[in-house]
Amino acid sequence: MKIRHFGIALVYAAIGVILIGSGCTVKKKGVAHENAPPKAFFSTVPIASTVFTKPDQLFWYATDRDGYVIEFQYALIPESLIGVGFTKLPEFQRDSVVLDFLRRNAPNSSNIWEVFKDTLRRDTLRFEWVSVDNVNRNGQTDTVELPSASRNAADTATRPTEVFVRARDDRGALSTDPLAKILASIFVPTITQSERDSLFRLNSPIAWRNFGRKNRPPSTYFRNISVCNRFPIAQVSEPPILYSLDGPTYNSDPTLRVGYCGITINYEGADSLDYPNQEQPPFEYFWELFGPFRSADSANFLDSNRLWASTAYPLRWPGPGSGQSPKKRVFTSAKSFTFYGLTGYSDDPSKRYSDTSSIRPGYYRFRVRAKDDAEVIDSFGATVTFGVVRPRFDRDVLLITKLTFSGGPTLKKNGQPDGSIPFLDVDSTGAKEAGLIEVQNYYLRLIRNAGYGSVIDSAQDVKVFDYRESIPESLLARYKLVIFHKEKMFHSDAPTTMQASLKAYMDAGGSVWGLGRDDLSDAFPIYNVPAPVELPFNQTQPNTGVGYFYFGAREVFTHAHVNILANDSVTLEEFAGADPGVSVVDEGFPRLDVDDSVLGRFTVVAVRRDTTPYRQVPAVNYFVREGARSEEVYKFRSPVGVADTSHLNGKGVALRSDRGIFKSAYFGFSLFGIKEAQATCAMSRMLKWFLGYEPPGGPPPCCPGPCP
């Protein structure tokens, strides 16, 4: 027994000599001082065997007798390399396993720690010492990302990892510098394993502690899909049908430049199980696009040979027989991707169009999966099915009647709203648009009498849509020009879904001509205002693009009589007609006059003193042009006369704009209520401008002045 105690004493003495040799000595005058390396320790928290579900903070500290610590370093070693079943051992037995591991794998001063994979030392694994600066920031803590058990999302087992910490002092010495000598001194046959563990625990200059990581798989969410990344569709109950764009489309950013846009899908990851009620970590994503398929029902990703593109092949998978696997995975941090047109798009001007990057007509199935910070991939991901149609433009004109029931009073006379022409059929609520059939026939007659009757078929080219309905892209894609008209004399005070579909149509190269007081922006209600109203529309809102960008208007104003007017003198400022703008006079546009025989059928507000029908048109929109981007087709003509006695006379009430990619025009009044001969002539001139050709037999004659 005495011999054993004597042996232990010798070991202590040996360790003391090692430490003294490393600089743990009293400094004597005239004797060179050898620097003593620092000793590293873990703080009390987090305790050993803590299991984390995400990267979290670990805390440590160090002592240095003859200087100060400038840096900490930590290394993460898997339990499997320390010793199989290490974490299942009682706490007091784990030191023996770590001690034996360090004896076989003593780290040196390198920032790479080479660890033998097995006792036969056939090869090694390399682990990095991660540096944490203790001078410029608090180096006694760091957020450590422990590895998880598996990259398989279904595996949520805990992966134990041993975290080793060492320190570096102001003279460059590392805690691990004397480690090999210390280990050699305690591995002597005169002491037991428990005594060896105790000696090392008391004198080890390096700290270690075991922690675990249990990771739950992330989730992936589809956000929306859109053309040109505008007016995104977030709720997809039915597969949306989108345009496949053929090259340059108009980009409605503030610079109003011609650009490129396509079909954009936005998505996002979340790891709410591991990061509950807190900011989510960054994710990487792997997406795949399968198709095209003949129908939405057949669109799936069961057959990898139906892959069209992916993050590994963002332009196009080369296909079977190419030697390129459709299952190859490449991840990206981007949370959206845009697919460009039938001919594709490239940043390289010399390769602007590429058949290999095309999106062809048909149905596609898009799937995206998030990968979290533990390298675990969402097994299921988020999916969306969408259809792609090619803008064929194989027919010339689509005529749409736009129904809108908001923005006007509910008072009725003979079952019809104020300020409207008579209903031909009225349901129990009076909710059908005034004179629907009569007005449709009027516009059809204008088109035919203008010489373009062959371009429109009443059986297939005339439609009716509520302002809350989106016009299907599969319908719009067939037409070069859409003419929509709205006959109610009160504007709608809400953004319209129809408006969004027309924007996408113009982005794809289609042209639009709107007539009547319509929703070019997000107006606010004008009810209960006792005077003619001029309201500038809000240009700052995102849904103002129809008015301000697509039709070339900088400002849009509402001029209207509302339901409580009681002073008949205001009718003097009603719309009496319009005169051609300077830029279109040479094209033969006629003067326009209101037709009293039509206006005489309009209803009147019951509270007005003058209960006779409106003498002129009671409400129009007028505009301020957006510079050279548009031109005035017609100007307001007031019964009052010239501009010095009327603030409305001469204001622009019809604009047109040639954007190169598409043409657009907007008349702030309806042609129904204009003398038909004049309206026919105006229709002829506008269709020639839109379609680019004269009708067979030439245009109809126009009245040189006021028509009879």
# chains A, B, ... in the order shown; residues from 1 in each chain; ligands from 1
>>> closest_atom_pairs(of="stretch 42-106 of chain A", to="stretch 199-222 of chain A", cutoff="10 Å", atoms="only C-alpha atoms", output="Markdown table")
| residue | atom | partner | partner_atom | distance |
| --- | --- | --- | --- | --- |
| A:Phe42 | CA | A:Ala207 | CA | 6.2 |
| A:Ser43 | CA | A:Ala207 | CA | 9.9 |
| A:Pro46 | CA | A:Phe211 | CA | 8.9 |
| A:Ile47 | CA | A:Arg209 | CA | 8.3 |
| A:Ala48 | CA | A:Asn210 | CA | 5.4 |
| A:Ser49 | CA | A:Phe211 | CA | 4.6 |
| A:Thr50 | CA | A:Phe211 | CA | 5.2 |
| A:Val51 | CA | A:Gly212 | CA | 4.3 |
| A:Phe52 | CA | A:Arg213 | CA | 4.8 |
| A:Thr53 | CA | A:Lys214 | CA | 5.1 |
| A:Lys54 | CA | A:Asn215 | CA | 7.1 |
| A:Pro55 | CA | A:Arg213 | CA | 8.7 |
| A:Leu58 | CA | A:Phe211 | CA | 10.0 |
| A:Trp60 | CA | A:Ala207 | CA | 8.5 |
| A:Tyr61 | CA | A:Ala207 | CA | 9.5 |
| A:Ala62 | CA | A:Pro205 | CA | 9.1 |
| A:Thr63 | CA | A:Pro205 | CA | 9.6 |
| A:Tyr74 | CA | A:Trp208 | CA | 9.3 |
| A:Ala75 | CA | A:Trp208 | CA | 9.5 |
| A:Leu76 | CA | A:Asn210 | CA | 9.7 |
| A:Ile77 | CA | A:Asn210 | CA | 9.6 |
| A:Pro78 | CA | A:Asn210 | CA | 9.6 |
| A:Glu79 | CA | A:Asn210 | CA | 8.5 |
| A:Phe86 | CA | A:Asn210 | CA | 9.5 |
| A:Thr87 | CA | A:Asn210 | CA | 7.7 |
| A:Arg94 | CA | A:Asn210 | CA | 9.6 |
| A:Asp95 | CA | A:Arg201 | CA | 7.7 |
| A:Ser96 | CA | A:Phe200 | CA | 9.4 |
| A:Val98 | CA | A:Trp208 | CA | 8.5 |
| A:Leu99 | CA | A:Phe200 | CA | 7.7 |
>>> write_last_selection(atoms="N, CA and C atoms", output="compact mmCIF listing (two decimals), in the first residue's frame")
# COMPACT_ATOMS: atom_id res chain seq x y z
N PHE A 42 -15.27 24.03 -18.79
CA PHE A 42 -16.66 24.31 -19.13
C PHE A 42 -17.33 25.01 -17.95
N SER A 43 -18.26 25.92 -18.27
CA SER A 43 -19.07 26.53 -17.22
C SER A 43 -20.08 25.52 -16.71
N PRO A 46 -24.46 24.86 -20.19
CA PRO A 46 -25.43 23.78 -20.01
C PRO A 46 -24.76 22.52 -19.46
N ILE A 47 -25.52 21.75 -18.72
CA ILE A 47 -24.96 20.57 -18.07
C ILE A 47 -24.68 19.48 -19.10
N ALA A 48 -23.87 18.52 -18.70
CA ALA A 48 -23.53 17.40 -19.58
C ALA A 48 -24.79 16.63 -19.97
N SER A 49 -24.79 16.09 -21.16
CA SER A 49 -25.87 15.27 -21.73
C SER A 49 -27.10 16.09 -22.11
N THR A 50 -27.00 17.42 -22.10
CA THR A 50 -28.11 18.23 -22.60
C THR A 50 -28.34 17.93 -24.08
N VAL A 51 -29.61 17.78 -24.46
CA VAL A 51 -29.97 17.52 -25.85
C VAL A 51 -30.58 18.78 -26.44
N PHE A 52 -30.00 19.27 -27.53
CA PHE A 52 -30.46 20.49 -28.20
C PHE A 52 -31.24 20.12 -29.46
N THR A 53 -32.16 21.01 -29.83
CA THR A 53 -32.90 20.81 -31.09
C THR A 53 -32.48 21.81 -32.15
N LYS A 54 -31.52 22.68 -31.83
CA LYS A 54 -31.05 23.68 -32.77
C LYS A 54 -29.68 24.16 -32.29
N PRO A 55 -28.95 24.90 -33.09
CA PRO A 55 -27.70 25.49 -32.62
C PRO A 55 -27.96 26.34 -31.38
N LEU A 58 -22.99 27.51 -25.92
CA LEU A 58 -22.21 26.80 -24.92
C LEU A 58 -21.29 27.80 -24.25
N TRP A 60 -17.80 28.48 -21.64
CA TRP A 60 -16.55 27.96 -21.11
C TRP A 60 -15.71 29.12 -20.58
N TYR A 61 -14.59 28.81 -19.96
CA TYR A 61 -13.67 29.85 -19.51
C TYR A 61 -12.30 29.22 -19.39
N ALA A 62 -11.29 30.01 -19.04
CA ALA A 62 -9.92 29.51 -18.92
C ALA A 62 -9.17 30.33 -17.88
N THR A 63 -8.13 29.73 -17.35
CA THR A 63 -7.23 30.44 -16.44
C THR A 63 -5.83 30.46 -17.05
N TYR A 74 -12.86 25.20 -30.16
CA TYR A 74 -13.61 23.99 -29.82
C TYR A 74 -13.63 23.05 -31.03
N ALA A 75 -13.73 21.77 -30.72
CA ALA A 75 -13.82 20.73 -31.74
C ALA A 75 -14.94 19.78 -31.37
N LEU A 76 -15.66 19.29 -32.39
CA LEU A 76 -16.81 18.41 -32.20
C LEU A 76 -16.44 17.01 -32.67
N ILE A 77 -16.40 16.05 -31.74
CA ILE A 77 -16.02 14.69 -32.07
C ILE A 77 -17.22 13.77 -31.81
N PRO A 78 -17.64 12.99 -32.81
CA PRO A 78 -18.80 12.09 -32.62
C PRO A 78 -18.52 11.05 -31.54
N GLU A 79 -19.59 10.66 -30.87
CA GLU A 79 -19.47 9.64 -29.84
C GLU A 79 -18.88 8.35 -30.39
N PHE A 86 -20.62 5.19 -25.41
CA PHE A 86 -20.01 6.09 -24.43
C PHE A 86 -21.06 6.79 -23.56
N THR A 87 -22.08 7.35 -24.17
CA THR A 87 -23.07 8.12 -23.42
C THR A 87 -23.97 7.25 -22.56
N ARG A 94 -17.12 7.76 -17.70
CA ARG A 94 -16.88 8.37 -19.01
C ARG A 94 -15.48 8.95 -19.12
N ASP A 95 -14.92 9.43 -17.98
CA ASP A 95 -13.59 10.02 -18.04
C ASP A 95 -12.56 9.02 -18.53
N SER A 96 -12.74 7.77 -18.15
CA SER A 96 -11.79 6.74 -18.57
C SER A 96 -11.79 6.59 -20.09
N VAL A 98 -12.74 8.89 -22.32
CA VAL A 98 -12.17 10.10 -22.93
C VAL A 98 -10.66 10.10 -22.78
N LEU A 99 -10.19 9.69 -21.60
CA LEU A 99 -8.76 9.66 -21.35
C LEU A 99 -8.06 8.71 -22.32
>>> residues_around(residues="A:Cys702", least_positions_apart="5", cutoff="9 Å", atoms="only C-alpha atoms", output="ChimeraX atom specification")
/A:588-590,677-678,680-682,707
>>> residues_around(residues="A:Gly627", least_positions_apart="3", cutoff="10 Å", atoms="only C-alpha atoms", output="list in words")
Gly552, Ala553, Arg554, Val624, Ser630 and Glu631 of chain A
>>> residues_around(residues="stretch 580-585 of chain A", least_positions_apart="4", cutoff="6 Å", atoms="only C-alpha atoms", output="PyMOL selection string")
chain A and resi 589+632-634
